[in-house]
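To start, the structure itself, in structure tokens.
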Amino acid sequence: MILHEKIEAQLPQWRERMRVLAKEHADVVVDHVTVGQIIGGMRDIKSLLTDVSFVDPAEGIRFRGMSIPEVLNALPKARGGKMPLVGGLYYLLMVGEVPTKEQAWEVEEEWGRRAVVPDYVYKMLKSMPKETHPMTLFSQAVLALQNQSVFAKKYHEIKKDAYWEPALEDSLDLTAKLPVIAAFIYRMKYFGETRKPRYNPKWDYGQNFSRMMGVADKKGYADLARLYFILHSDHESGNVSAHAMHLVGSALSDPFLSFSAALNGLAGPLHGLANQECLGWLIEVKNKFGRVPTRDELYKFAWDTLNAGHVIPGYGHAVLRVPDPRFTAQMNFAKQRFPDDDLVRLADLVFDVVPQVLREQGKAKNPAPNVDAISGTLQYYYGVRQFDFYTVLFGIGRALGVTANYVWARALGLPIERPKSLTTKMLEEMVQKELQPA
Ligand code: CMX
């Protein structure tokens with residue numbers, strides 16, 4: 001299997017780099033930690049290791065060193081579409097090289113062979129109460145698949161340096177089944193349909209998802225699915241979903257257990273749920289005016305939101321200090337395909353007005369849009385209007401990045417995570433010591 005061969009070939013070199021760092025330079029100081037960072041959610045403490053992606057505050061995410069425009073340009077495109085094959089992105093994240101079209105298709109074909117979801121998972125989903133949140137169903141389905149884990153089965157039979165191999169098997173199985181499960185949840189929850197979705201190995205990941213969701217492809221939803229999964233795949237290791245996957249995986253819990261945990265974190269309103277809030281705000285604006293407002297009307301509405309003590313969703317970022325390139329890629333997609341859509345015009349106007357308002361308010365460190373400022377708008381255009389489903393879409397994409405990290409964490413033998421805690425009294429004593437005259 002192509003990913004297996006490519007990763008195996010790189011292992012000696014990566015393991016040697018890790019050995020040199022860990023054995024010969026373990027005492028080199030990387031960062032210092034302040035009281036504010038300990039109380040403030042460990043913000044910005046440089047303490048995680050990943051080579052899969054890096055967020056540059058002045059530029060945004062880079063996947064394996066490549067910016068979003070570079071990735072979208074370089075990866076092989078899907079047949080009949082303008083967006084790259086998701087299989088090509090998975091190859092890039094796993095291997096660190098841009099694949100040829102054939103190599104990208106090898107990943108797609110692996111997915112095609114593995115995209116069968118066992119009957120008991122469907123039965124379990126069907127037996128859940130109707131009002132269950134789609135993210136709960138999604139996470140449950142992943143957990144239910146855990147008994148299929150090759151990693152869990154082989155754990156006692158193999159040595160540590162071979163863990164990455166069943167981890168890769170599980171990662172491919174998991175990522176192959178996620179679009180099938182998500183589409184089933186979508187059709188079941190909102191349309192009462194319980195037919196098993198059929199993944200056609202002749203089509204790529206995006207096309208299959210579009211067909212299984214029942215969203216007519218003539219309008220380009222397959223391309224949006226490809227773009228969406230690529231853009232949401234990875235954002236370093238410190239965000240809640242990626243970190244949850246890494247943390248649980250560091251206990252050698254298999255990829256199904258670990259990814260279910262990642263989804264539970266993604267389901268939180270401060271993380272993956274934010275995209276639905278952004279669309280909600282845009283629709284609130286549109287409903288209030290009954291049309292796309294003028295610049296002045298929007299300026300006042302934005303100030304009213306702030307004065308009411310609310311944030312403007314889709315703007316600001318904990319790390320980024322420029323417009324999120326994931327926002328820009330999605331805005332370009334919308335402007336190229338449906339520039340006259342009211343919500344797209346509104347999102348564009350908001351992009352013009354809100355940064356100015358946030359700058360005038362002077363609080364947000366970054367007044368620019370983040371990925372969520374537009375992502376819901378695109379789904380809405382294609383008829384996926386069930387807001388609470390949007391985080392499931394995020395979850396499919398996020399699986400690509402976090403499983404690549406999982407495989408490499410096992411390949412490099414990264415140990416169980418165990419930071420040290422302090423008590424409040426200890427922090428106060430440290431502060432007192434600092435304040436005492438020398
Ligand atoms: N509207 C109003 N106020 C904002 C703001 C916004 N969009 N963004 C930041 N601020 C405020 C903060 O609430 C904070 O105010 P207080 O000092 O009163 O607490 C102040 O500006 C400083 O915040 P910051 O350091 O710039 O931002 P944080 O790192 O604390 O928070 C984020 C980042 C994304 C949570 C914040 O910008 C926000 O709430 N944005 C709106 C919600 C949103 O879009 N979430 C999606 C995030 C997507 C992602 O993480 O990928």
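Here, A, B, ... name the chains of the structure tokens in the order displayed, residue numbers run from 1 inside each chain, and ligands are numbered from 1 in the same displayed order.
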Q: Find the residues near ligand 1. Use a cut-off of 8 Å, count only C-alpha atoms and all ligand atoms, and write them as a ChimeraX atom specification.
A: /A:239,270-272,274-275,278,306,310-319,358,362-367,369-373
So that I can see what lies close to Leu252 in chain A, please list as a CSV table (one decimal) with all heavy atoms, in the first residue's frame the residues with an atom at most 12 Å from it, counting only C-alpha atoms and leaving out residues fewer than 6 positions away in the same chain.
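Output (selection.csv):
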chain,number,residue,atom,x,y,z
A,151,PHE,N,-5.3,-2.1,15.3
A,151,PHE,CA,-4.3,-1.7,16.3
A,151,PHE,C,-4.6,-2.4,17.7
A,151,PHE,O,-3.7,-2.9,18.3
A,151,PHE,CB,-4.4,-0.1,16.5
A,151,PHE,CG,-3.3,0.4,17.4
A,151,PHE,CD1,-2.1,0.9,17.0
A,151,PHE,CD2,-3.5,0.5,18.8
A,151,PHE,CE1,-1.1,1.4,17.8
A,151,PHE,CE2,-2.6,1.0,19.7
A,151,PHE,CZ,-1.4,1.4,19.2
A,152,ALA,N,-5.8,-2.3,18.1
A,152,ALA,CA,-6.2,-2.9,19.4
A,152,ALA,C,-5.9,-4.4,19.4
A,152,ALA,O,-5.5,-5.0,20.3
A,152,ALA,CB,-7.7,-2.6,19.7
A,154,LYS,N,-3.7,-6.1,17.4
A,154,LYS,CA,-2.3,-6.4,17.3
A,154,LYS,C,-1.4,-5.9,18.4
A,154,LYS,O,-0.3,-6.3,18.5
A,154,LYS,CB,-1.8,-5.8,16.0
A,154,LYS,CG,-2.4,-6.4,14.7
A,154,LYS,CD,-1.3,-6.9,13.8
A,154,LYS,CE,-1.9,-7.8,12.7
A,154,LYS,NZ,-1.6,-7.4,11.4
A,155,TYR,N,-2.0,-5.1,19.2
A,155,TYR,CA,-1.2,-4.4,20.3
A,155,TYR,C,-0.3,-5.4,21.0
A,155,TYR,O,0.9,-5.1,21.3
A,155,TYR,CB,-2.1,-3.6,21.2
A,155,TYR,CG,-1.4,-3.0,22.4
A,155,TYR,CD1,-0.4,-2.0,22.2
A,155,TYR,CD2,-1.5,-3.6,23.7
A,155,TYR,CE1,0.3,-1.5,23.3
A,155,TYR,CE2,-0.8,-3.1,24.7
A,155,TYR,CZ,0.1,-2.0,24.5
A,155,TYR,OH,0.8,-1.5,25.6
A,156,HIS,N,-0.8,-6.5,21.4
A,156,HIS,CA,-0.1,-7.4,22.3
A,156,HIS,C,0.9,-8.3,21.5
A,156,HIS,O,1.8,-8.9,22.0
A,156,HIS,CB,-1.0,-8.4,23.1
A,156,HIS,CG,-1.7,-7.6,24.2
A,156,HIS,ND1,-1.0,-7.1,25.3
A,156,HIS,CD2,-3.0,-7.3,24.4
A,156,HIS,CE1,-1.8,-6.5,26.1
A,156,HIS,NE2,-3.0,-6.6,25.5
A,160,LYS,N,6.9,-2.1,19.8
A,160,LYS,CA,6.5,-0.7,19.7
A,160,LYS,C,6.8,-0.1,18.4
A,160,LYS,O,6.1,0.8,17.9
A,160,LYS,CB,7.3,0.0,20.8
A,160,LYS,CG,6.9,1.4,21.1
A,160,LYS,CD,7.6,2.0,22.3
A,160,LYS,CE,7.4,3.5,22.3
A,160,LYS,NZ,8.2,4.2,23.3
A,163,TYR,N,4.0,-0.3,15.8
A,163,TYR,CA,2.6,0.2,16.1
A,163,TYR,C,2.0,1.1,15.0
A,163,TYR,O,0.8,1.1,14.8
A,163,TYR,CB,2.6,1.1,17.4
A,163,TYR,CG,2.8,0.4,18.7
A,163,TYR,CD1,3.1,1.1,19.9
A,163,TYR,CD2,2.7,-1.0,18.8
A,163,TYR,CE1,3.3,0.4,21.1
A,163,TYR,CE2,2.9,-1.7,20.0
A,163,TYR,CZ,3.2,-0.9,21.1
A,163,TYR,OH,3.3,-1.6,22.3
A,164,TRP,N,2.9,1.8,14.3
A,164,TRP,CA,2.4,2.7,13.3
A,164,TRP,C,1.6,2.0,12.2
A,164,TRP,O,0.8,2.5,11.5
A,164,TRP,CB,3.5,3.6,12.7
A,164,TRP,CG,4.5,2.8,11.9
A,164,TRP,CD1,5.6,2.2,12.3
A,164,TRP,CD2,4.4,2.7,10.4
A,164,TRP,NE1,6.2,1.6,11.2
A,164,TRP,CE2,5.5,1.9,10.1
A,164,TRP,CE3,3.6,3.1,9.4
A,164,TRP,CZ2,5.8,1.5,8.8
A,164,TRP,CZ3,3.8,2.7,8.1
A,164,TRP,CH2,4.9,1.9,7.8
A,166,PRO,N,-0.5,-1.0,12.1
A,166,PRO,CA,-1.9,-1.1,12.4
A,166,PRO,C,-2.6,0.3,12.6
A,166,PRO,O,-3.8,0.4,12.3
A,166,PRO,CB,-2.0,-2.0,13.6
A,166,PRO,CG,-0.7,-1.9,14.3
A,166,PRO,CD,0.3,-1.7,13.2
A,167,ALA,N,-1.8,1.3,13.1
A,167,ALA,CA,-2.4,2.6,13.2
A,167,ALA,C,-2.8,3.2,11.8
A,167,ALA,O,-3.9,3.8,11.7
A,167,ALA,CB,-1.4,3.6,13.9
A,245,MET,N,-7.1,14.1,20.3
A,245,MET,CA,-6.7,12.9,19.6
A,245,MET,C,-5.3,12.5,20.0
A,245,MET,O,-5.1,11.3,20.3
A,245,MET,CB,-6.7,13.2,18.1
A,245,MET,CG,-6.2,12.0,17.2
A,245,MET,SD,-7.6,11.0,16.7
A,245,MET,CE,-6.7,9.7,15.8
A,246,HIS,N,-4.4,13.4,20.1
A,246,HIS,CA,-3.0,13.1,20.4
A,246,HIS,C,-2.9,12.6,21.9
A,246,HIS,O,-2.2,11.6,22.2
A,246,HIS,CB,-2.2,14.4,20.2
A,246,HIS,CG,-0.7,14.1,20.6
A,246,HIS,ND1,0.1,13.3,19.8
A,246,HIS,CD2,0.0,14.5,21.7
A,246,HIS,CE1,1.3,13.2,20.4
A,246,HIS,NE2,1.2,13.9,21.5
A,258,SER,N,-9.5,7.2,20.1
A,258,SER,CA,-8.9,8.5,20.1
A,258,SER,C,-9.7,9.5,19.3
A,258,SER,O,-9.9,10.7,19.7
A,258,SER,CB,-7.5,8.5,19.6
A,258,SER,OG,-6.7,7.5,20.3
A,406,TYR,N,-1.5,10.9,14.3
A,406,TYR,CA,-1.6,9.7,15.1
A,406,TYR,C,-0.6,8.7,14.6
A,406,TYR,O,0.2,8.1,15.4
A,406,TYR,CB,-3.0,9.1,15.1
A,406,TYR,CG,-3.1,7.9,16.1
A,406,TYR,CD1,-3.7,8.0,17.3
A,406,TYR,CD2,-2.7,6.6,15.7
A,406,TYR,CE1,-3.9,6.9,18.1
A,406,TYR,CE2,-2.8,5.5,16.5
A,406,TYR,CZ,-3.4,5.7,17.7
A,406,TYR,OH,-3.5,4.6,18.6
A,407,VAL,N,-0.6,8.5,13.3
A,407,VAL,CA,0.3,7.5,12.7
A,407,VAL,C,1.8,7.9,13.0
A,407,VAL,O,2.6,7.1,13.4
A,407,VAL,CB,0.1,7.4,11.2
A,407,VAL,CG1,1.1,6.6,10.5
A,407,VAL,CG2,-1.3,6.7,10.9
A,409,ALA,N,2.9,9.9,15.3
A,409,ALA,CA,3.2,9.8,16.8
A,409,ALA,C,3.6,8.4,17.2
A,409,ALA,O,4.6,8.2,17.9
A,409,ALA,CB,2.0,10.3,17.6
A,410,ARG,N,2.9,7.4,16.6
A,410,ARG,CA,3.3,6.0,16.9
A,410,ARG,C,4.6,5.6,16.2
A,410,ARG,O,5.5,4.9,16.7
A,410,ARG,CB,2.2,5.0,16.4
A,410,ARG,CG,0.8,5.2,17.0
A,410,ARG,CD,0.7,4.9,18.5
A,410,ARG,NE,1.2,5.9,19.3
A,410,ARG,CZ,0.6,7.1,19.6
A,410,ARG,NH1,-0.6,7.3,19.1
A,410,ARG,NH2,1.1,8.0,20.4
A,413,GLY,N,7.4,6.9,18.1
A,413,GLY,CA,7.4,6.4,19.5
A,413,GLY,C,7.1,7.5,20.5
A,413,GLY,O,7.7,7.4,21.6
A,414,LEU,N,6.3,8.5,20.2
A,414,LEU,CA,6.1,9.6,21.2
A,414,LEU,C,5.4,9.0,22.4
A,414,LEU,O,4.5,8.2,22.3
A,414,LEU,CB,5.3,10.7,20.6
A,414,LEU,CG,5.9,11.4,19.4
A,414,LEU,CD1,5.0,12.6,19.0
A,414,LEU,CD2,7.3,11.9,19.7
A,415,PRO,N,5.9,9.4,23.6
A,415,PRO,CA,5.4,8.7,24.8
A,415,PRO,C,4.0,9.3,25.3
A,415,PRO,O,3.5,10.2,24.7
A,415,PRO,CB,6.4,9.1,25.8
A,415,PRO,CG,7.0,10.4,25.4
A,415,PRO,CD,6.9,10.4,23.9
A,416,ILE,N,3.5,8.7,26.3
A,416,ILE,CA,2.3,9.1,26.9
A,416,ILE,C,2.4,10.6,27.4
A,416,ILE,O,3.5,10.9,27.9
A,416,ILE,CB,1.9,8.2,28.1
A,416,ILE,CG1,0.5,8.5,28.6
A,416,ILE,CG2,2.9,8.2,29.2
A,416,ILE,CD1,-0.2,7.3,29.4
A,417,GLU,N,1.4,11.4,27.2
A,417,GLU,CA,1.5,12.8,27.6
A,417,GLU,C,1.2,12.9,29.1
A,417,GLU,O,0.2,12.4,29.6
A,417,GLU,CB,0.4,13.6,26.8
A,417,GLU,CG,1.0,14.9,26.2
A,417,GLU,CD,0.0,15.7,25.5
A,417,GLU,OE1,-1.0,16.1,26.1
A,417,GLU,OE2,0.2,15.9,24.3
List as a Markdown table every residue of range 307-379 of chain A that is in contact with range 297-300 of chain A, defined as an atom at most 8 Å from one of its atoms (using only C-alpha atoms), together with the nearest atom pair and the distance in Å rounded to one decimal, sorted by chain and then rising number.
| residue | atom | partner | partner_atom | distance |
| --- | --- | --- | --- | --- |
| A:Val350 | CA | A:Leu298 | CA | 7.4 |
| A:Val353 | CA | A:Tyr299 | CA | 6.1 |
| A:Val354 | CA | A:Tyr299 | CA | 7.2 |
| A:Val357 | CA | A:Tyr299 | CA | 7.1 |
Q: For each of A:Leu349, A:Thr391, A:Pro355, A:Leu263, take the minimum atom-to-atom distance to Arg321 in chain A, counting only C-alpha atoms, then give the residue where this is smallest.
A: A:Pro355
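Residues of range 16-129 of chain A assigned to strand (DSSP E) by DSSP on this structure's backbone: Ser53, Phe54, Val55, Asp56, Gly60, Ile61, Arg62, Phe63, Met66 and Ser67 of chain A.
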Q. What lies within 12 Å of Asn73 in chain A using only C-alpha atoms, ignoring chain neighbours under 5 positions off, as a PyMOL selection string?
A. chain A and resi 66-68+82-85+88-89+98+227+329
Pull N, CA and C atoms from the residues just selected and write them as a compact mmCIF listing (two decimals), in the first residue's frame.
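Dumped everything to selection_35.txt:
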# COMPACT_ATOMS: atom_id res chain seq x y z
N MET A 66 3.35 23.81 2.99
CA MET A 66 2.71 24.48 1.83
C MET A 66 1.51 25.31 2.28
N SER A 67 1.42 26.53 1.75
CA SER A 67 0.27 27.39 2.08
C SER A 67 -0.99 26.84 1.40
N ILE A 68 -2.14 27.36 1.82
CA ILE A 68 -3.41 26.88 1.23
C ILE A 68 -3.43 27.09 -0.30
N LYS A 82 -12.84 21.16 -10.08
CA LYS A 82 -11.70 22.09 -10.07
C LYS A 82 -10.88 21.96 -8.78
N MET A 83 -11.43 21.25 -7.82
CA MET A 83 -10.76 21.11 -6.53
C MET A 83 -9.93 19.82 -6.48
N PRO A 84 -8.91 19.80 -5.58
CA PRO A 84 -8.05 18.62 -5.51
C PRO A 84 -8.78 17.39 -4.95
N LEU A 85 -8.22 16.24 -5.28
CA LEU A 85 -8.68 14.98 -4.69
C LEU A 85 -8.33 14.98 -3.20
N GLY A 88 -5.38 12.98 -2.36
CA GLY A 88 -4.08 13.62 -2.57
C GLY A 88 -3.64 14.40 -1.35
N LEU A 89 -4.61 15.05 -0.71
CA LEU A 89 -4.30 15.80 0.52
C LEU A 89 -3.87 14.84 1.62
N VAL A 98 3.96 16.03 -2.42
CA VAL A 98 2.80 16.16 -3.31
C VAL A 98 2.72 14.90 -4.16
N LEU A 227 -13.06 20.81 -1.06
CA LEU A 227 -12.41 22.00 -0.50
C LEU A 227 -12.58 22.04 1.01
N ALA A 329 -9.93 31.19 0.72
CA ALA A 329 -10.15 30.13 -0.27
C ALA A 329 -11.64 29.89 -0.47
Q: Enumerate, as a VMD selection string, the complete set of residues in range 86-134 of chain A that a backbone-based DSSP assignment places in alpha helix (DSSP H).
A: chain A and resid 86 to 95 101 to 114 119 to 126 134
How would the residues just picked look written out with C-alpha atoms as a tab-separated table (two decimals), in the first residue's frame?
chain	number	residue	atom	x	y	z
A	86	VAL	CA	-9.01	14.56	-0.94
A	87	GLY	CA	-6.91	11.40	-1.32
A	88	GLY	CA	-4.08	13.62	-2.57
A	89	LEU	CA	-4.30	15.80	0.52
A	90	TYR	CA	-4.22	12.70	2.76
A	91	TYR	CA	-1.10	11.54	0.91
A	92	LEU	CA	0.48	14.97	1.43
A	93	LEU	CA	-0.33	15.00	5.16
A	94	MET	CA	0.85	11.42	5.71
A	95	VAL	CA	3.92	11.38	3.47
A	101	LYS	CA	-2.57	11.79	-9.79
A	102	GLU	CA	-1.97	8.01	-9.70
A	103	GLN	CA	-0.69	8.15	-6.13
A	104	ALA	CA	-3.65	10.27	-5.03
A	105	TRP	CA	-5.97	7.74	-6.68
A	106	GLU	CA	-4.25	4.89	-4.84
A	107	VAL	CA	-5.44	6.49	-1.61
A	108	GLU	CA	-8.90	7.04	-3.09
A	109	GLU	CA	-9.03	3.37	-4.09
A	110	GLU	CA	-8.02	2.29	-0.59
A	111	TRP	CA	-10.97	4.30	0.72
A	112	GLY	CA	-13.23	2.72	-1.88
A	113	ARG	CA	-12.29	-0.76	-0.61
A	114	ARG	CA	-12.77	0.14	3.04
A	119	ASP	CA	-24.84	-3.34	10.07
A	120	TYR	CA	-24.75	-3.05	13.84
A	121	VAL	CA	-23.53	0.55	13.54
A	122	TYR	CA	-26.59	1.48	11.48
A	123	LYS	CA	-28.82	-0.36	13.95
A	124	MET	CA	-27.27	1.49	16.85
A	125	LEU	CA	-27.75	4.86	15.11
A	126	LYS	CA	-31.36	4.06	14.25
A	134	PRO	CA	-25.64	14.65	15.07
Q.
Which residue is closest to Arg79 in chain A? Choose from A:Ala244, A:Leu427, A:Ala222, A:Leu279 and count only C-alpha atoms.
A. A:Ala222
Q. How far is it from CA of Asp223 in chain A to CA of Thr377 in chain A, in Å with one decimal?
A. 15.0 Å
Q | Val322 in chain A surroundings by only C-alpha atoms, 7 Å radius, close-in-sequence under 5 positions cut, as a PyMOL selection string | A | chain A and resi 58-59+366+368
**Q.** Contacts of Met135 in chain A at 8 Å (only C-alpha atoms; same-chain gap of 3+ positions) as an MDAnalysis selection string
**A.** chainID A and resid 138:139 263:264 267 389 391:392
Q) Which residue gives the smallest distance to Asp56 in chain A among A:Pro339, A:Glu236, A:Tyr381, A:Arg198, with only C-alpha atoms counted? A) A:Glu236
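CA of Ala242 in chain A is positioned 6.5 Å from CA of Ala262 in chain A.
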Please identify every residue of range 172-248 of chain A that has at least one atom no farther than 12 Å from an atom of range 127-130 of chain A, counting only C-alpha atoms, and for each give the shortest atom pair and the distance in Å to one decimal, arranged by chain then increasing number, as CSV.
residue,atom,partner,partner_atom,distance
A:Ile185,CA,A:Lys130,CA,10.8
A:Met188,CA,A:Lys130,CA,9.2
A:Lys189,CA,A:Lys130,CA,7.0
A:Tyr190,CA,A:Lys130,CA,9.6
A:Phe191,CA,A:Lys130,CA,11.4
A:Gly192,CA,A:Lys130,CA,9.6
A:Thr194,CA,A:Ser127,CA,11.2
Residues as selected, all heavy atoms, written as a tab-separated table (two decimals), in the first residue's frame, can you do that?
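Final file, selection-v5.tsv:
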chain	number	residue	atom	x	y	z
A	185	ILE	N	-26.29	9.65	8.83
A	185	ILE	CA	-26.86	10.46	9.91
A	185	ILE	C	-27.68	11.61	9.32
A	185	ILE	O	-28.79	11.91	9.76
A	185	ILE	CB	-25.74	11.00	10.84
A	185	ILE	CG1	-25.10	9.84	11.61
A	185	ILE	CG2	-26.28	12.07	11.80
A	185	ILE	CD1	-23.85	10.21	12.40
A	188	MET	N	-30.91	10.26	7.76
A	188	MET	CA	-31.80	9.71	8.79
A	188	MET	C	-32.39	10.82	9.66
A	188	MET	O	-33.61	10.88	9.87
A	188	MET	CB	-31.01	8.73	9.68
A	188	MET	CG	-31.84	8.15	10.82
A	188	MET	SD	-30.87	7.12	11.95
A	188	MET	CE	-30.07	8.35	12.96
A	189	LYS	N	-31.53	11.70	10.11
A	189	LYS	CA	-31.98	12.71	11.09
A	189	LYS	C	-32.93	13.74	10.48
A	189	LYS	O	-33.92	14.12	11.10
A	189	LYS	CB	-30.76	13.41	11.71
A	189	LYS	CG	-31.17	14.39	12.79
A	189	LYS	CD	-30.03	14.82	13.66
A	189	LYS	CE	-30.47	15.91	14.64
A	189	LYS	NZ	-31.45	15.46	15.62
A	190	TYR	N	-32.63	14.21	9.29
A	190	TYR	CA	-33.42	15.33	8.76
A	190	TYR	C	-34.46	14.91	7.72
A	190	TYR	O	-35.34	15.68	7.39
A	190	TYR	CB	-32.48	16.38	8.15
A	190	TYR	CG	-31.39	16.82	9.10
A	190	TYR	CD1	-30.07	16.47	8.89
A	190	TYR	CD2	-31.71	17.55	10.25
A	190	TYR	CE1	-29.08	16.84	9.78
A	190	TYR	CE2	-30.72	17.93	11.15
A	190	TYR	CZ	-29.41	17.57	10.91
A	190	TYR	OH	-28.42	17.93	11.79
A	191	PHE	N	-34.33	13.67	7.19
A	191	PHE	CA	-35.27	13.25	6.14
A	191	PHE	C	-35.96	11.92	6.48
A	191	PHE	O	-36.75	11.41	5.69
A	191	PHE	CB	-34.55	13.14	4.79
A	191	PHE	CG	-33.87	14.42	4.38
A	191	PHE	CD1	-32.53	14.64	4.68
A	191	PHE	CD2	-34.58	15.43	3.74
A	191	PHE	CE1	-31.90	15.83	4.34
A	191	PHE	CE2	-33.95	16.62	3.39
A	191	PHE	CZ	-32.62	16.83	3.69
A	192	GLY	N	-35.61	11.35	7.63
A	192	GLY	CA	-36.24	10.11	8.06
A	192	GLY	C	-35.90	8.92	7.17
A	192	GLY	O	-36.61	7.92	7.17
A	194	THR	N	-33.55	5.72	6.08
A	194	THR	CA	-32.57	4.85	6.75
A	194	THR	C	-31.93	3.84	5.79
A	194	THR	O	-31.44	2.80	6.20
A	194	THR	CB	-33.25	4.09	7.93
A	194	THR	OG1	-34.43	3.46	7.43
A	194	THR	CG2	-33.59	5.02	9.06
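The nearest approach to Gly65 in chain A among the residues A:Thr50, A:Ser260, A:Ser237, A:Ser375, with only C-alpha atoms taken into account, belongs to A:Thr50.
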